[in-house]
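Shown next: run_18.cif, containing mmCIF, N, CA and C atoms.
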```cif
data_start
#
loop_
_atom_site.label_atom_id
_atom_site.label_comp_id
_atom_site.auth_asym_id
_atom_site.auth_seq_id
_atom_site.Cartn_x
_atom_site.Cartn_y
_atom_site.Cartn_z
N MET A 1 5.86 -30.84 -6.57
CA MET A 1 5.51 -31.93 -7.48
C MET A 1 6.49 -33.08 -7.24
N ARG A 2 6.07 -34.25 -7.60
CA ARG A 2 6.90 -35.43 -7.42
C ARG A 2 7.73 -35.67 -8.68
N ILE A 3 8.66 -36.60 -8.58
CA ILE A 3 9.64 -36.83 -9.64
C ILE A 3 8.98 -37.22 -10.96
N GLY A 4 7.94 -38.03 -10.93
CA GLY A 4 7.27 -38.45 -12.16
C GLY A 4 6.63 -37.29 -12.89
N GLU A 5 6.00 -36.39 -12.13
CA GLU A 5 5.37 -35.22 -12.75
C GLU A 5 6.42 -34.30 -13.35
N LEU A 6 7.51 -34.09 -12.61
CA LEU A 6 8.58 -33.24 -13.14
C LEU A 6 9.15 -33.83 -14.42
N ALA A 7 9.38 -35.12 -14.43
CA ALA A 7 9.91 -35.78 -15.63
C ALA A 7 8.95 -35.61 -16.80
N ASP A 8 7.66 -35.81 -16.55
CA ASP A 8 6.66 -35.64 -17.62
C ASP A 8 6.65 -34.21 -18.15
N ARG A 9 6.64 -33.25 -17.24
CA ARG A 9 6.57 -31.84 -17.66
C ARG A 9 7.82 -31.40 -18.40
N ALA A 10 8.94 -32.00 -18.08
CA ALA A 10 10.20 -31.62 -18.72
C ALA A 10 10.51 -32.49 -19.94
N GLY A 11 9.71 -33.52 -20.17
CA GLY A 11 9.95 -34.38 -21.32
C GLY A 11 11.18 -35.26 -21.17
N THR A 12 11.40 -35.75 -19.97
CA THR A 12 12.55 -36.61 -19.72
C THR A 12 12.11 -37.79 -18.84
N THR A 13 13.06 -38.50 -18.30
CA THR A 13 12.74 -39.67 -17.48
C THR A 13 13.13 -39.45 -16.02
N THR A 14 12.53 -40.22 -15.15
CA THR A 14 12.90 -40.14 -13.74
C THR A 14 14.35 -40.58 -13.53
N ARG A 15 14.79 -41.50 -14.35
CA ARG A 15 16.18 -41.95 -14.25
C ARG A 15 17.14 -40.79 -14.53
N THR A 16 16.82 -40.00 -15.55
CA THR A 16 17.65 -38.84 -15.87
C THR A 16 17.65 -37.85 -14.71
N LEU A 17 16.50 -37.63 -14.12
CA LEU A 17 16.42 -36.69 -12.99
C LEU A 17 17.25 -37.19 -11.81
N ARG A 18 17.22 -38.48 -11.54
CA ARG A 18 18.04 -39.01 -10.46
C ARG A 18 19.53 -38.86 -10.78
N TYR A 19 19.87 -38.99 -12.05
CA TYR A 19 21.26 -38.79 -12.45
C TYR A 19 21.67 -37.33 -12.23
N TYR A 20 20.82 -36.39 -12.64
CA TYR A 20 21.11 -34.97 -12.41
C TYR A 20 21.25 -34.69 -10.91
N GLU A 21 20.42 -35.34 -10.12
CA GLU A 21 20.50 -35.19 -8.67
C GLU A 21 21.85 -35.69 -8.16
N SER A 22 22.29 -36.84 -8.67
CA SER A 22 23.57 -37.40 -8.22
C SER A 22 24.75 -36.52 -8.62
N ARG A 23 24.57 -35.74 -9.68
CA ARG A 23 25.62 -34.82 -10.14
C ARG A 23 25.52 -33.45 -9.47
N GLY A 24 24.53 -33.26 -8.61
CA GLY A 24 24.39 -32.01 -7.87
C GLY A 24 23.70 -30.90 -8.65
N LEU A 25 23.05 -31.23 -9.74
CA LEU A 25 22.37 -30.21 -10.54
C LEU A 25 20.91 -30.03 -10.16
N LEU A 26 20.35 -31.02 -9.53
CA LEU A 26 18.94 -30.98 -9.12
C LEU A 26 18.91 -31.31 -7.63
N PRO A 27 18.33 -30.43 -6.82
CA PRO A 27 18.37 -30.67 -5.37
C PRO A 27 17.57 -31.91 -4.97
N ALA A 28 18.01 -32.52 -3.91
CA ALA A 28 17.35 -33.73 -3.42
C ALA A 28 16.54 -33.39 -2.17
N ARG A 29 15.41 -32.72 -2.38
CA ARG A 29 14.53 -32.42 -1.25
C ARG A 29 13.55 -33.58 -1.09
N ARG A 30 13.20 -33.87 0.13
CA ARG A 30 12.28 -34.98 0.40
C ARG A 30 11.10 -34.48 1.21
N GLY A 31 9.93 -34.97 0.85
CA GLY A 31 8.73 -34.66 1.62
C GLY A 31 8.69 -35.52 2.88
N GLY A 32 7.67 -35.28 3.70
CA GLY A 32 7.51 -36.03 4.94
C GLY A 32 7.36 -37.53 4.71
N ASN A 33 6.86 -37.89 3.53
CA ASN A 33 6.68 -39.30 3.19
C ASN A 33 7.94 -39.93 2.57
N GLY A 34 9.01 -39.13 2.42
CA GLY A 34 10.26 -39.64 1.86
C GLY A 34 10.40 -39.49 0.35
N TYR A 35 9.32 -39.06 -0.30
CA TYR A 35 9.38 -38.87 -1.75
C TYR A 35 10.13 -37.60 -2.10
N ARG A 36 10.80 -37.63 -3.24
CA ARG A 36 11.45 -36.43 -3.74
C ARG A 36 10.36 -35.42 -4.10
N THR A 37 10.65 -34.15 -3.81
CA THR A 37 9.71 -33.09 -4.18
C THR A 37 10.44 -32.01 -4.96
N TYR A 38 9.73 -31.42 -5.91
CA TYR A 38 10.30 -30.41 -6.78
C TYR A 38 9.32 -29.25 -6.91
N ASP A 39 9.85 -28.11 -7.37
CA ASP A 39 9.00 -26.95 -7.59
C ASP A 39 9.25 -26.38 -8.98
N GLU A 40 8.62 -25.25 -9.27
CA GLU A 40 8.75 -24.63 -10.59
C GLU A 40 10.19 -24.20 -10.88
N ASP A 41 10.93 -23.81 -9.86
CA ASP A 41 12.34 -23.44 -10.06
C ASP A 41 13.15 -24.64 -10.54
N ASP A 42 12.84 -25.81 -10.03
CA ASP A 42 13.52 -27.03 -10.48
C ASP A 42 13.18 -27.30 -11.95
N LEU A 43 11.93 -27.06 -12.31
CA LEU A 43 11.52 -27.24 -13.70
C LEU A 43 12.27 -26.28 -14.61
N ARG A 44 12.42 -25.02 -14.20
CA ARG A 44 13.17 -24.04 -14.99
C ARG A 44 14.62 -24.48 -15.16
N ALA A 45 15.23 -24.95 -14.07
CA ALA A 45 16.62 -25.40 -14.13
C ALA A 45 16.74 -26.61 -15.06
N LEU A 46 15.80 -27.51 -14.95
CA LEU A 46 15.81 -28.69 -15.81
C LEU A 46 15.65 -28.32 -17.27
N ARG A 47 14.76 -27.40 -17.57
CA ARG A 47 14.59 -26.94 -18.96
C ARG A 47 15.85 -26.28 -19.48
N GLN A 48 16.54 -25.54 -18.60
CA GLN A 48 17.81 -24.91 -18.99
C GLN A 48 18.84 -25.98 -19.34
N ILE A 49 18.94 -27.00 -18.51
CA ILE A 49 19.88 -28.10 -18.76
C ILE A 49 19.57 -28.76 -20.09
N ARG A 50 18.31 -29.10 -20.30
CA ARG A 50 17.91 -29.81 -21.51
C ARG A 50 18.16 -28.97 -22.76
N THR A 51 17.86 -27.69 -22.69
CA THR A 51 18.09 -26.80 -23.84
C THR A 51 19.58 -26.76 -24.19
N LEU A 52 20.40 -26.58 -23.19
CA LEU A 52 21.84 -26.51 -23.43
C LEU A 52 22.37 -27.84 -23.97
N GLN A 53 21.88 -28.94 -23.44
CA GLN A 53 22.32 -30.24 -23.95
C GLN A 53 21.87 -30.44 -25.39
N ASP A 54 20.69 -29.94 -25.73
CA ASP A 54 20.24 -30.01 -27.13
C ASP A 54 21.18 -29.23 -28.04
N PHE A 55 21.81 -28.18 -27.51
CA PHE A 55 22.77 -27.38 -28.28
C PHE A 55 24.15 -28.02 -28.32
N GLY A 56 24.34 -29.13 -27.59
CA GLY A 56 25.63 -29.82 -27.61
C GLY A 56 26.50 -29.57 -26.39
N PHE A 57 25.97 -28.92 -25.38
CA PHE A 57 26.74 -28.70 -24.17
C PHE A 57 26.81 -29.99 -23.36
N GLU A 58 27.95 -30.24 -22.76
CA GLU A 58 28.11 -31.36 -21.84
C GLU A 58 27.36 -31.03 -20.55
N LEU A 59 26.99 -32.05 -19.82
CA LEU A 59 26.21 -31.83 -18.61
C LEU A 59 26.94 -30.89 -17.65
N GLU A 60 28.22 -31.09 -17.46
CA GLU A 60 28.95 -30.24 -16.51
C GLU A 60 28.99 -28.78 -16.97
N GLU A 61 28.93 -28.56 -18.28
CA GLU A 61 28.92 -27.19 -18.79
C GLU A 61 27.63 -26.45 -18.45
N THR A 62 26.59 -27.18 -18.08
CA THR A 62 25.33 -26.54 -17.74
C THR A 62 25.32 -26.01 -16.29
N ARG A 63 26.26 -26.45 -15.50
CA ARG A 63 26.27 -26.10 -14.07
C ARG A 63 26.21 -24.59 -13.82
N PRO A 64 27.03 -23.77 -14.47
CA PRO A 64 26.95 -22.33 -14.18
C PRO A 64 25.58 -21.73 -14.51
N PHE A 65 24.91 -22.25 -15.50
CA PHE A 65 23.59 -21.75 -15.87
C PHE A 65 22.57 -22.10 -14.78
N VAL A 66 22.65 -23.33 -14.28
CA VAL A 66 21.75 -23.77 -13.21
C VAL A 66 22.03 -22.96 -11.94
N GLU A 67 23.30 -22.77 -11.62
CA GLU A 67 23.66 -22.00 -10.43
C GLU A 67 23.18 -20.56 -10.56
N CYS A 68 23.22 -20.02 -11.75
CA CYS A 68 22.75 -18.66 -11.99
C CYS A 68 21.24 -18.57 -11.73
N LEU A 69 20.49 -19.55 -12.21
CA LEU A 69 19.06 -19.58 -11.94
C LEU A 69 18.80 -19.71 -10.44
N ARG A 70 19.53 -20.61 -9.80
CA ARG A 70 19.34 -20.85 -8.37
C ARG A 70 19.68 -19.61 -7.53
N ALA A 71 20.55 -18.75 -8.07
CA ALA A 71 20.91 -17.51 -7.38
C ALA A 71 19.82 -16.45 -7.51
N GLY A 72 18.77 -16.76 -8.26
CA GLY A 72 17.65 -15.84 -8.36
C GLY A 72 17.61 -15.01 -9.63
N HIS A 73 18.52 -15.27 -10.56
CA HIS A 73 18.51 -14.51 -11.81
C HIS A 73 17.38 -15.02 -12.71
N PRO A 74 16.79 -14.12 -13.50
CA PRO A 74 15.66 -14.53 -14.33
C PRO A 74 16.05 -15.49 -15.47
N GLU A 75 17.29 -15.42 -15.88
CA GLU A 75 17.80 -16.28 -16.95
C GLU A 75 19.08 -16.95 -16.48
N GLY A 76 19.31 -18.15 -16.96
CA GLY A 76 20.51 -18.88 -16.56
C GLY A 76 21.79 -18.37 -17.19
N ASP A 77 21.66 -17.52 -18.18
CA ASP A 77 22.86 -17.02 -18.84
C ASP A 77 23.14 -15.55 -18.53
N SER A 78 22.61 -15.08 -17.40
CA SER A 78 22.83 -13.68 -17.04
C SER A 78 23.92 -13.52 -15.98
N CYS A 79 24.77 -14.51 -15.83
CA CYS A 79 25.87 -14.46 -14.86
C CYS A 79 27.21 -14.59 -15.60
N PRO A 80 28.27 -14.00 -15.05
CA PRO A 80 29.58 -14.07 -15.70
C PRO A 80 30.06 -15.50 -15.99
N ALA A 81 29.81 -16.43 -15.08
CA ALA A 81 30.27 -17.80 -15.31
C ALA A 81 29.56 -18.44 -16.50
N SER A 82 28.29 -18.12 -16.69
CA SER A 82 27.55 -18.64 -17.84
C SER A 82 28.10 -18.06 -19.15
N LEU A 83 28.40 -16.78 -19.12
CA LEU A 83 28.97 -16.14 -20.31
C LEU A 83 30.32 -16.75 -20.65
N ALA A 84 31.09 -17.09 -19.64
CA ALA A 84 32.39 -17.73 -19.88
C ALA A 84 32.20 -19.09 -20.55
N VAL A 85 31.17 -19.83 -20.16
CA VAL A 85 30.90 -21.12 -20.79
C VAL A 85 30.48 -20.91 -22.24
N TYR A 86 29.66 -19.90 -22.50
CA TYR A 86 29.30 -19.59 -23.89
C TYR A 86 30.56 -19.30 -24.71
N ARG A 87 31.44 -18.47 -24.18
CA ARG A 87 32.67 -18.14 -24.91
C ARG A 87 33.52 -19.39 -25.19
N SER A 88 33.64 -20.22 -24.17
CA SER A 88 34.41 -21.45 -24.32
C SER A 88 33.78 -22.36 -25.38
N LYS A 89 32.46 -22.49 -25.35
CA LYS A 89 31.77 -23.34 -26.33
C LYS A 89 31.94 -22.78 -27.74
N LEU A 90 31.85 -21.47 -27.88
CA LEU A 90 32.05 -20.87 -29.21
C LEU A 90 33.46 -21.11 -29.72
N ALA A 91 34.45 -21.00 -28.84
CA ALA A 91 35.83 -21.28 -29.24
C ALA A 91 35.98 -22.74 -29.67
N GLU A 92 35.35 -23.63 -28.93
CA GLU A 92 35.37 -25.05 -29.29
C GLU A 92 34.72 -25.28 -30.65
N LEU A 93 33.57 -24.65 -30.87
CA LEU A 93 32.87 -24.80 -32.15
C LEU A 93 33.69 -24.21 -33.29
N ASP A 94 34.31 -23.06 -33.06
CA ASP A 94 35.16 -22.46 -34.10
C ASP A 94 36.30 -23.39 -34.48
N ALA A 95 36.91 -24.03 -33.48
CA ALA A 95 38.00 -24.97 -33.76
C ALA A 95 37.49 -26.15 -34.57
N LEU A 96 36.32 -26.67 -34.20
CA LEU A 96 35.74 -27.79 -34.95
C LEU A 96 35.39 -27.39 -36.38
N ILE A 97 34.87 -26.20 -36.54
CA ILE A 97 34.54 -25.71 -37.88
C ILE A 97 35.81 -25.60 -38.71
N GLY A 98 36.88 -25.14 -38.09
CA GLY A 98 38.16 -25.05 -38.79
C GLY A 98 38.66 -26.42 -39.22
N GLU A 99 38.54 -27.39 -38.33
CA GLU A 99 38.96 -28.75 -38.66
C GLU A 99 38.10 -29.33 -39.78
N LEU A 100 36.81 -29.12 -39.69
CA LEU A 100 35.90 -29.63 -40.73
C LEU A 100 36.16 -28.95 -42.08
N SER A 101 36.45 -27.67 -42.04
CA SER A 101 36.76 -26.96 -43.29
C SER A 101 38.02 -27.52 -43.94
N ALA A 102 39.03 -27.82 -43.12
CA ALA A 102 40.27 -28.40 -43.66
C ALA A 102 40.00 -29.77 -44.26
N VAL A 103 39.21 -30.58 -43.59
CA VAL A 103 38.87 -31.91 -44.12
C VAL A 103 38.08 -31.76 -45.40
N ARG A 104 37.15 -30.81 -45.43
CA ARG A 104 36.34 -30.60 -46.63
C ARG A 104 37.23 -30.22 -47.82
N GLU A 105 38.20 -29.36 -47.59
CA GLU A 105 39.13 -28.98 -48.66
C GLU A 105 39.88 -30.20 -49.18
N LYS A 106 40.35 -31.06 -48.28
CA LYS A 106 41.08 -32.26 -48.69
C LYS A 106 40.19 -33.20 -49.50
N VAL A 107 38.97 -33.39 -49.03
CA VAL A 107 38.05 -34.28 -49.76
C VAL A 107 37.70 -33.67 -51.12
N GLY A 108 37.49 -32.37 -51.15
CA GLY A 108 37.21 -31.70 -52.43
C GLY A 108 38.37 -31.85 -53.41
N ALA A 109 39.60 -31.69 -52.92
CA ALA A 109 40.77 -31.85 -53.78
C ALA A 109 40.89 -33.29 -54.27
N GLN A 110 40.60 -34.24 -53.39
CA GLN A 110 40.63 -35.66 -53.79
C GLN A 110 39.59 -35.94 -54.86
N LEU A 111 38.42 -35.35 -54.73
CA LEU A 111 37.37 -35.53 -55.74
C LEU A 111 37.82 -34.98 -57.08
N VAL A 112 38.42 -33.81 -57.09
CA VAL A 112 38.92 -33.23 -58.35
C VAL A 112 39.95 -34.15 -58.98
N ARG A 113 40.90 -34.67 -58.18
CA ARG A 113 41.91 -35.58 -58.72
C ARG A 113 41.27 -36.85 -59.29
N ALA A 114 40.28 -37.39 -58.56
CA ALA A 114 39.62 -38.61 -59.01
C ALA A 114 38.85 -38.37 -60.31
N GLU A 115 38.17 -37.24 -60.41
CA GLU A 115 37.43 -36.93 -61.65
C GLU A 115 38.38 -36.74 -62.82
N GLN A 116 39.51 -36.09 -62.58
CA GLN A 116 40.50 -35.90 -63.65
C GLN A 116 41.06 -37.25 -64.10
N ALA A 117 41.33 -38.14 -63.15
CA ALA A 117 41.84 -39.46 -63.51
C ALA A 117 40.79 -40.24 -64.28
N MET A 118 39.55 -40.16 -63.90
CA MET A 118 38.48 -40.85 -64.60
C MET A 118 38.32 -40.29 -66.02
N ASN A 119 38.39 -38.99 -66.15
CA ASN A 119 38.28 -38.38 -67.48
C ASN A 119 39.46 -38.76 -68.38
N ALA A 120 40.64 -38.85 -67.78
CA ALA A 120 41.83 -39.24 -68.55
C ALA A 120 41.68 -40.67 -69.05
N LEU A 121 41.13 -41.56 -68.24
CA LEU A 121 40.90 -42.94 -68.66
C LEU A 121 39.88 -43.00 -69.80
N ALA A 122 38.86 -42.17 -69.71
CA ALA A 122 37.84 -42.16 -70.76
C ALA A 122 38.44 -41.69 -72.08
N VAL A 123 39.32 -40.71 -72.03
CA VAL A 123 39.97 -40.22 -73.24
C VAL A 123 40.88 -41.30 -73.82
N GLU A 124 41.61 -42.00 -72.97
CA GLU A 124 42.48 -43.08 -73.43
C GLU A 124 41.68 -44.18 -74.10
N GLU A 125 40.56 -44.52 -73.52
CA GLU A 125 39.72 -45.57 -74.11
C GLU A 125 39.18 -45.16 -75.46
N GLU A 126 38.85 -43.89 -75.63
CA GLU A 126 38.33 -43.41 -76.92
C GLU A 126 39.40 -43.42 -78.00
N SER A 127 40.66 -43.14 -77.62
CA SER A 127 41.72 -43.06 -78.61
C SER A 127 42.45 -44.38 -78.81
N ALA A 128 42.15 -45.39 -78.02
CA ALA A 128 42.81 -46.68 -78.18
C ALA A 128 42.32 -47.36 -79.45
N PRO A 129 43.23 -48.06 -80.17
CA PRO A 129 42.80 -48.75 -81.39
C PRO A 129 41.84 -49.86 -81.02
N ARG A 130 40.87 -50.02 -81.88
CA ARG A 130 39.85 -51.04 -81.62
C ARG A 130 40.01 -52.17 -82.64
N CYS A 131 39.86 -53.32 -82.14
CA CYS A 131 39.91 -54.49 -82.99
C CYS A 131 38.46 -54.83 -83.33
N GLU A 132 38.16 -54.72 -84.61
CA GLU A 132 36.78 -54.96 -85.01
C GLU A 132 36.75 -56.20 -85.91
N LEU A 133 36.81 -57.34 -85.27
CA LEU A 133 36.75 -58.61 -86.01
C LEU A 133 35.32 -58.92 -86.39
N GLY A 134 35.17 -59.59 -87.42
CA GLY A 134 33.87 -60.04 -87.84
C GLY A 134 33.14 -59.08 -88.73
N GLU A 135 33.77 -58.01 -89.15
CA GLU A 135 33.07 -57.08 -90.02
C GLU A 135 33.35 -57.37 -91.45
#
```
Structure rendered as structure tokens:
Amino acid sequence: MRIGELADRAGTTTRTLRYYESRGLLPARRGGNGYRTYDEDDLRALRQIRTLQDFGFELEETRPFVECLRAGHPEGDSCPASLAVYRSKLAELDALIGELSAVREKVGAQLVRAEQAMNALAVEEESAPRCELGE
């Protein structure tokens, strides 16, 4: 298949495919007419890349998965290098979750302080003497 058909079937653009080619993730095979040609294996690799990127993986992190597919494995994550990327990504996500949890605690504590200060002002206003002129 040609580049336009591959892009359509994968739900991406020809520009993206050329970028993947420049990064060595998509082979640059040419037909006799000079056009790029692709096959179903290229479509599988492209779908693997897109799925991983949808999960937040950087393009370079998809390389072991693509290489695993190209080596003939039925799934891109059935190779040790792919599993290592999964482990690394999980460690990265755990660290981010830890950071977000710490920020959430700080914001929650700030909210409690702000609500207490607002309630204290309301109590002060209720107990302040009122000047009722004109009665």
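The protein and nucleic acid residues lying at most 8 Å from region 19-28 of chain A are A:Thr13, A:Tyr35, A:Arg36, A:Thr37, A:Tyr38, A:Asp42, A:Ala45, A:Leu46, A:Thr62, A:Arg63, A:Val66, A:Glu67, with all atoms listed in the file considered and sequence neighbours fewer than 6 positions away removed.
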ask   = If you measure from atom C of Thr12 (chain A) to atom N of Gly32 (chain A), what distance in Å do you get, rounded to one decimal?
value = 23.1 Å
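For the pair atom N of Ile49 (chain A) and atom N of Leu69 (chain A), the interatomic distance is 9.9 Å.
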ask   = Between CA of Glu126 (chain A) and atom N of Ala109 (chain A), what is the spacing in Å?
value = 26.7 Å
task = May I have all residues of chain A that DSSP, computed from the backbone, assigns to alpha helix (DSSP H), given as a PyMOL selection string?
result = chain A and resi 3-10+14-22+40-54+63-70+80-127
task = Using the chain letters and numbering of this document, enumerate as a ChimeraX atom specification the residues selected by the PyMOL selection byres (((chain A and resi 73-80 and name CA) around 12) and name CA).
result = /A:41,44-49,51-52,61-72,81-87
inquiry  = Taking only C-alpha atoms into account, name the residue in A:Glu40, A:Met118, A:Arg30, A:Leu59 that is nearest to Leu6 (chain A).
reply    = A:Glu40
Can you patch up region 121-131 of chain A, filling it in to all heavy atoms, and show the result as a compact mmCIF listing (two decimals), keeping the file's coordinate frame?
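So selection.txt came out as:
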```txt
# COMPACT_ATOMS: atom_id res chain seq x y z
N LEU A 121 41.13 -41.56 -68.24
CA LEU A 121 40.90 -42.94 -68.66
C LEU A 121 39.88 -43.00 -69.80
O LEU A 121 40.04 -43.77 -70.74
CB LEU A 121 40.41 -43.79 -67.49
CG LEU A 121 41.45 -44.20 -66.46
CD1 LEU A 121 40.79 -44.92 -65.30
CD2 LEU A 121 42.52 -45.09 -67.10
N ALA A 122 38.86 -42.17 -69.71
CA ALA A 122 37.84 -42.16 -70.76
C ALA A 122 38.44 -41.69 -72.08
O ALA A 122 38.13 -42.25 -73.13
CB ALA A 122 36.68 -41.26 -70.36
N VAL A 123 39.32 -40.71 -72.03
CA VAL A 123 39.97 -40.22 -73.24
C VAL A 123 40.88 -41.30 -73.82
O VAL A 123 40.91 -41.52 -75.03
CB VAL A 123 40.76 -38.92 -72.95
CG1 VAL A 123 41.67 -38.55 -74.09
CG2 VAL A 123 39.80 -37.79 -72.62
N GLU A 124 41.61 -42.00 -72.97
CA GLU A 124 42.48 -43.08 -73.43
C GLU A 124 41.68 -44.18 -74.10
O GLU A 124 42.10 -44.72 -75.12
CB GLU A 124 43.28 -43.68 -72.26
CG GLU A 124 44.42 -42.82 -71.79
CD GLU A 124 45.17 -43.44 -70.62
OE1 GLU A 124 45.10 -44.68 -70.43
OE2 GLU A 124 45.83 -42.70 -69.89
N GLU A 125 40.56 -44.52 -73.52
CA GLU A 125 39.72 -45.57 -74.11
C GLU A 125 39.18 -45.16 -75.46
O GLU A 125 39.08 -45.98 -76.37
CB GLU A 125 38.56 -45.91 -73.17
CG GLU A 125 38.98 -46.69 -71.94
CD GLU A 125 37.81 -46.98 -71.01
OE1 GLU A 125 36.66 -46.66 -71.35
OE2 GLU A 125 38.07 -47.52 -69.92
N GLU A 126 38.85 -43.89 -75.63
CA GLU A 126 38.33 -43.41 -76.92
C GLU A 126 39.40 -43.42 -78.00
O GLU A 126 39.12 -43.67 -79.16
CB GLU A 126 37.78 -41.99 -76.77
CG GLU A 126 36.47 -41.93 -76.03
CD GLU A 126 35.99 -40.50 -75.84
OE1 GLU A 126 36.59 -39.57 -76.42
OE2 GLU A 126 35.01 -40.31 -75.10
N SER A 127 40.66 -43.14 -77.62
CA SER A 127 41.72 -43.06 -78.61
C SER A 127 42.45 -44.38 -78.81
O SER A 127 43.29 -44.49 -79.70
CB SER A 127 42.72 -41.96 -78.21
OG SER A 127 43.33 -42.30 -76.99
N ALA A 128 42.15 -45.39 -78.02
CA ALA A 128 42.81 -46.68 -78.18
C ALA A 128 42.32 -47.36 -79.45
O ALA A 128 41.15 -47.25 -79.81
CB ALA A 128 42.52 -47.56 -76.96
N PRO A 129 43.23 -48.06 -80.17
CA PRO A 129 42.80 -48.75 -81.39
C PRO A 129 41.84 -49.86 -81.02
O PRO A 129 41.95 -50.51 -79.99
CB PRO A 129 44.11 -49.33 -81.96
CG PRO A 129 45.10 -49.26 -80.85
CD PRO A 129 44.63 -48.23 -79.89
N ARG A 130 40.87 -50.02 -81.88
CA ARG A 130 39.85 -51.04 -81.62
C ARG A 130 40.01 -52.17 -82.64
O ARG A 130 40.27 -51.94 -83.81
CB ARG A 130 38.46 -50.46 -81.76
CG ARG A 130 38.21 -49.40 -80.73
CD ARG A 130 36.81 -48.84 -80.86
NE ARG A 130 36.67 -47.72 -79.98
CZ ARG A 130 35.84 -47.69 -78.95
NH1 ARG A 130 35.07 -48.72 -78.71
NH2 ARG A 130 35.77 -46.65 -78.20
N CYS A 131 39.86 -53.32 -82.14
CA CYS A 131 39.91 -54.49 -82.99
C CYS A 131 38.46 -54.83 -83.33
O CYS A 131 37.68 -55.19 -82.47
CB CYS A 131 40.58 -55.66 -82.28
SG CYS A 131 40.62 -57.15 -83.27
```
